[in-house]
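Following: one structure in structure tokens, then a few remarks.
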Amino acid sequence: MMLGCKKTINAALAMLVLAMGVSAAAPAFADAGFQKWIRDFRSVAVSNGVSGQVYDRAFANVRTPDPEVLRKARFQPEFRDEAWQYLDNRVNERTVAEGQRMLRKYRRLLNRIERSTGVSKHIVLAIWSMESSYGEALKQPGRLHYVPRALATLAYADRRRARFARNQLIGALKIAQRGDVPISGLTGSWAGAMGHTQFIPTSYMAYALDGDGDGRKDIWNSVPDALYTAANLLRRNGWKSGQTWGYEVILPPGRKFPGGKLTLREWERLGVVRANGRDYPRPGQKAELKVLQGRDGPAFLMVDNFFVIKRYNNADKYALGVGLLADQIGGYPPPRKDWTRPFTRLSVAESEELQIRLARKGLYEGDIDGKIGPMSRSAIKAFQARAGLPQDGFASMEVLEALRRF
């Protein structure tokens, strides 16, 4: 009886120890699997032209997957944010003013790019802003990922992106192999986009240019290389020089419209006219109607260059953001019809004040940058719960005034 009890106790203890051991060892098992993946992929990389020595150097200090990569992969604002949320963070008084400052600073370079590629200098500046905040993101090492580790993480742990990540990893290693950048300089986003203008490795291999004439293609450290490379991608994908990306339009009430493209002349016959009252300059050109917020928000007829911008990032919000920002850097006004928001919009300075006040209350630990992302929205909801307000997470004047009172 006593022996049986002892066996039972020992068995229970063994099960507890085993359970604890499995829990504690889970990361080690995951790391072992990741290390095996790295070893196994070496032969694939070598068979695709990557030197074994380059491969070994690239992964010499990589032991574990990058957890931030997987977290960021689950949240892509182009596809999850409302149009006004996405654009408010990217097309605002600060990004326009900084773009105009960069236009003055790099005027000769930008004019040269525009002459040689046919791509608008304002579009190039807008892409630079959207991709890296005019290079400021590259000055924050904590935000950058080591590209071989990031892409290996996706290939190993993200089934949907595995094929993409494998191809990009081979491309990244080839970039280092040909000497464009040291292996340690292969830094970029969670998905492997690199440099001032955020090129994935295969796009870099296809479109990179030496814009400063030093014999190297370096989009990490050379602004001319990065901006020429961005313009080259657009040029090679069919950019139409001297033409716009689209037109803000007014929709006649109560009418439904066909999908797909019609000529601007046909759209005009359906009552879709320009918001500024002017004629379409090329009425025979085909265009597609885009209403990212339905009839509640601004409407646009998109022409060829809009779809060329989407070759950079295949999201309507992104391409619209580039177009709107480019126009405003060039001195054109914002859309006549604003987005419909369920609150009063804040300026960038007011958004920063909101983040500062949330941080002082211990609710926010992110950057004070006026950009309202998931961390800001979570902090706003926490404050709203504490203050007995509806928990919508919007960075509104109503929330800022409440923070000023509390």
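Residues are named by chain letter and number: chains run A, B, ... in the order of the structure tokens, numbers start at 1 in each chain, and ligands are numbered from 1 in the order shown.
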key: Secondary structure check, strand (DSSP E or B) residues of region 170-319 of chain A, as a list in words   = Thr187, Gly188, Met194, Phe199, Gly246, Tyr247, Glu248, Val249, Ile250, Lys261, Leu262, Thr263, Val273, Arg274, Lys286, Ala287, Glu288, Leu289, Lys290, Leu292, Gln293, Gly294, Arg295, Ala299, Phe300, Leu301 and Met302 of chain A
Export C-alpha atoms of the chosen residues as an mmCIF file, in the first residue's frame?
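New file selection.cif:
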```cif
data_model
loop_
_atom_site.group_PDB
_atom_site.id
_atom_site.type_symbol
_atom_site.label_atom_id
_atom_site.label_comp_id
_atom_site.auth_asym_id
_atom_site.auth_seq_id
_atom_site.Cartn_x
_atom_site.Cartn_y
_atom_site.Cartn_z
ATOM 1 C CA THR A 187 19.228 45.762 -42.465
ATOM 2 C CA GLY A 188 15.623 46.527 -43.243
ATOM 3 C CA MET A 194 15.767 47.713 -47.341
ATOM 4 C CA PHE A 199 13.318 47.683 -51.706
ATOM 5 C CA GLY A 246 -5.677 60.552 -60.841
ATOM 6 C CA TYR A 247 -8.407 63.141 -60.384
ATOM 7 C CA GLU A 248 -10.637 63.929 -57.435
ATOM 8 C CA VAL A 249 -14.221 63.769 -58.681
ATOM 9 C CA ILE A 250 -17.783 64.475 -57.593
ATOM 10 C CA LYS A 261 -12.142 51.195 -66.610
ATOM 11 C CA LEU A 262 -13.906 53.653 -68.864
ATOM 12 C CA THR A 263 -12.518 56.637 -70.725
ATOM 13 C CA VAL A 273 -16.882 65.443 -63.025
ATOM 14 C CA ARG A 274 -13.688 66.865 -61.563
ATOM 15 C CA LYS A 286 -9.017 55.266 -69.414
ATOM 16 C CA ALA A 287 -9.622 55.531 -65.678
ATOM 17 C CA GLU A 288 -11.030 53.476 -62.817
ATOM 18 C CA LEU A 289 -13.248 54.835 -60.034
ATOM 19 C CA LYS A 290 -11.904 54.419 -56.479
ATOM 20 C CA LEU A 292 -12.047 54.015 -50.411
ATOM 21 C CA GLN A 293 -14.747 55.172 -47.996
ATOM 22 C CA GLY A 294 -17.746 54.821 -50.264
ATOM 23 C CA ARG A 295 -19.778 57.941 -50.933
ATOM 24 C CA ALA A 299 -13.818 59.879 -54.786
ATOM 25 C CA PHE A 300 -11.102 59.580 -57.427
ATOM 26 C CA LEU A 301 -10.735 58.498 -61.035
ATOM 27 C CA MET A 302 -7.386 56.701 -61.217
#
```
inquiry  = Would you pick out the contacts of region 390-401 of chain A at 8 Å or less, using only C-alpha atoms, so that residues sharing its chain but fewer than 3 positions from it are not included, and give the list as a PyMOL selection string?
reply    = chain A and resi 343-346+350-351+353-354+372+377-382+384-385+404-405
Would you put the residues from that selection into a file with C-alpha atoms, as a CSV table (one decimal), in the first residue's frame?
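Contents of the output file part11.csv:
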```
chain,number,residue,atom,x,y,z
A,343,PHE,CA,-14.3,62.4,-34.2
A,344,THR,CA,-12.5,65.8,-34.5
A,345,ARG,CA,-9.1,65.3,-36.1
A,346,LEU,CA,-5.9,66.3,-34.4
A,350,GLU,CA,-1.7,67.6,-30.9
A,351,SER,CA,-1.3,63.9,-31.5
A,353,GLU,CA,0.7,66.0,-26.9
A,354,LEU,CA,-1.8,63.2,-26.6
A,372,ILE,CA,-1.3,56.9,-34.1
A,377,ARG,CA,-4.8,53.1,-29.8
A,378,SER,CA,-4.5,50.6,-27.0
A,379,ALA,CA,-3.3,53.4,-24.6
A,380,ILE,CA,-6.3,55.5,-25.6
A,381,LYS,CA,-8.7,52.7,-24.9
A,382,ALA,CA,-7.1,52.2,-21.5
A,384,GLN,CA,-11.1,55.9,-22.0
A,385,ALA,CA,-11.9,52.9,-19.8
A,404,ARG,CA,-6.1,67.8,-20.3
A,405,ARG,CA,-8.9,67.7,-17.7
```
So that I can see what lies close to Ser222 (chain A), please list as a PDB file with C-alpha atoms, in the first residue's frame the residues with an atom at most 10 Å from it, counting only C-alpha atoms and leaving out residues fewer than 5 positions away in the same chain.
```pdb
ATOM      1  CA  GLY A 195      17.202  51.191 -47.436  1.00  0.00           C
ATOM      2  CA  HIS A 196      15.811  54.703 -47.834  1.00  0.00           C
ATOM      3  CA  ASP A 210      24.217  53.959 -58.998  1.00  0.00           C
ATOM      4  CA  GLY A 211      22.913  57.506 -58.664  1.00  0.00           C
ATOM      5  CA  ASP A 212      26.002  59.177 -57.220  1.00  0.00           C
ATOM      6  CA  ASP A 214      30.754  55.950 -57.059  1.00  0.00           C
ATOM      7  CA  ARG A 216      28.229  51.023 -56.096  1.00  0.00           C
ATOM      8  CA  LYS A 217      24.476  50.685 -55.682  1.00  0.00           C
ATOM      9  CA  LEU A 227      15.932  57.947 -55.165  1.00  0.00           C
TER      10      LEU A 227
END
```
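Residues surrounding Arg360 (chain A) within 12 Å are Glu353, Leu354, Gln355, Ile356, Arg357, Leu363, Tyr364, Glu365, Gly366, Ile368, Ala379, Phe383, Leu403, Arg404 and Phe406 of chain A [only C-alpha atoms; sequence separation below 3 positions excluded].
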key: Expected answer as a ChimeraX atom specification: alpha helix (DSSP H) residues in region 18-176 of chain A   = /A:18-47,52-58,67-73,77-80,83-88,93-105,107-117,121-132,147-157,162-176
Gap from CA of Gly321 (chain A) to CA of Ser189 (chain A) - Å, one decimal = 19.6 Å
Using 8 Å as the limit and counting only C-alpha atoms, can you tabulate each residue of region 219-326 of chain A that touches region 126-130 of chain A, with its shortest atom-to-atom distance in Å and the two atoms involved, as a tab-separated table?
```
residue	atom	partner	partner_atom	distance
A:Leu227	CA	A:Trp128	CA	7.5
A:Ala230	CA	A:Ile127	CA	7.8
A:Gly321	CA	A:Met130	CA	8.0
A:Val322	CA	A:Ala126	CA	5.3
A:Gly323	CA	A:Ala126	CA	7.6
A:Leu325	CA	A:Ala126	CA	5.7
A:Ala326	CA	A:Ala126	CA	5.2
```
12 Å contact set for region 51-54 of chain A, only C-alpha atoms, chain neighbours under 4 positions out, as JSON, numbers by chain = {"A": [39, 41, 42, 43, 44, 45, 46, 47, 58, 59, 60, 148, 170, 172, 173, 174, 175, 176, 177, 178, 179, 182, 183, 184]}
task = Would you kindly return, as number ranges by chain, each protein, DNA or RNA residue with an atom no farther than 8 Å from any atom of Leu103 (chain A), considering only C-alpha atoms and excluding same-chain residues fewer than 4 positions away?
result = A: 99, 107, 110, 122, 125
If you keep N, CA and C atoms, can you produce a file of those selected residues as a short mmCIF file (atom, residue, chain, number, x, y, z; two decimals), in the first residue's frame?
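What landed in selection-v9.cif:
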```cif
data_model
loop_
_atom_site.label_atom_id
_atom_site.label_comp_id
_atom_site.auth_asym_id
_atom_site.auth_seq_id
_atom_site.Cartn_x
_atom_site.Cartn_y
_atom_site.Cartn_z
N GLY A 99 8.73 67.30 -46.89
CA GLY A 99 8.93 67.03 -48.31
C GLY A 99 9.35 68.28 -49.07
N ARG A 107 17.21 69.72 -54.72
CA ARG A 107 16.57 70.18 -55.96
C ARG A 107 17.35 69.73 -57.20
N LEU A 110 16.97 65.94 -57.71
CA LEU A 110 15.61 65.57 -58.08
C LEU A 110 15.28 66.02 -59.50
N HIS A 122 8.15 65.01 -57.30
CA HIS A 122 7.26 65.03 -56.14
C HIS A 122 6.81 63.60 -55.78
N LEU A 125 9.76 61.99 -53.96
CA LEU A 125 9.81 62.46 -52.57
C LEU A 125 8.71 61.80 -51.72
#
```
inquiry  = Report, in Å with one decimal, the straight-line distance from CA of Thr153 (chain A) to CA of Pro65 (chain A).
reply    =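 So the answer is 5.0 Å.
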query = Do you know which residues are at most 8 Å from Phe34 (chain A) counting only C-alpha atoms, after dropping those on the same chain fewer than 2 positions away, and could you put them as a PyMOL selection string?
reply = chain A and resi 30-32+36-38+63-65+153+156
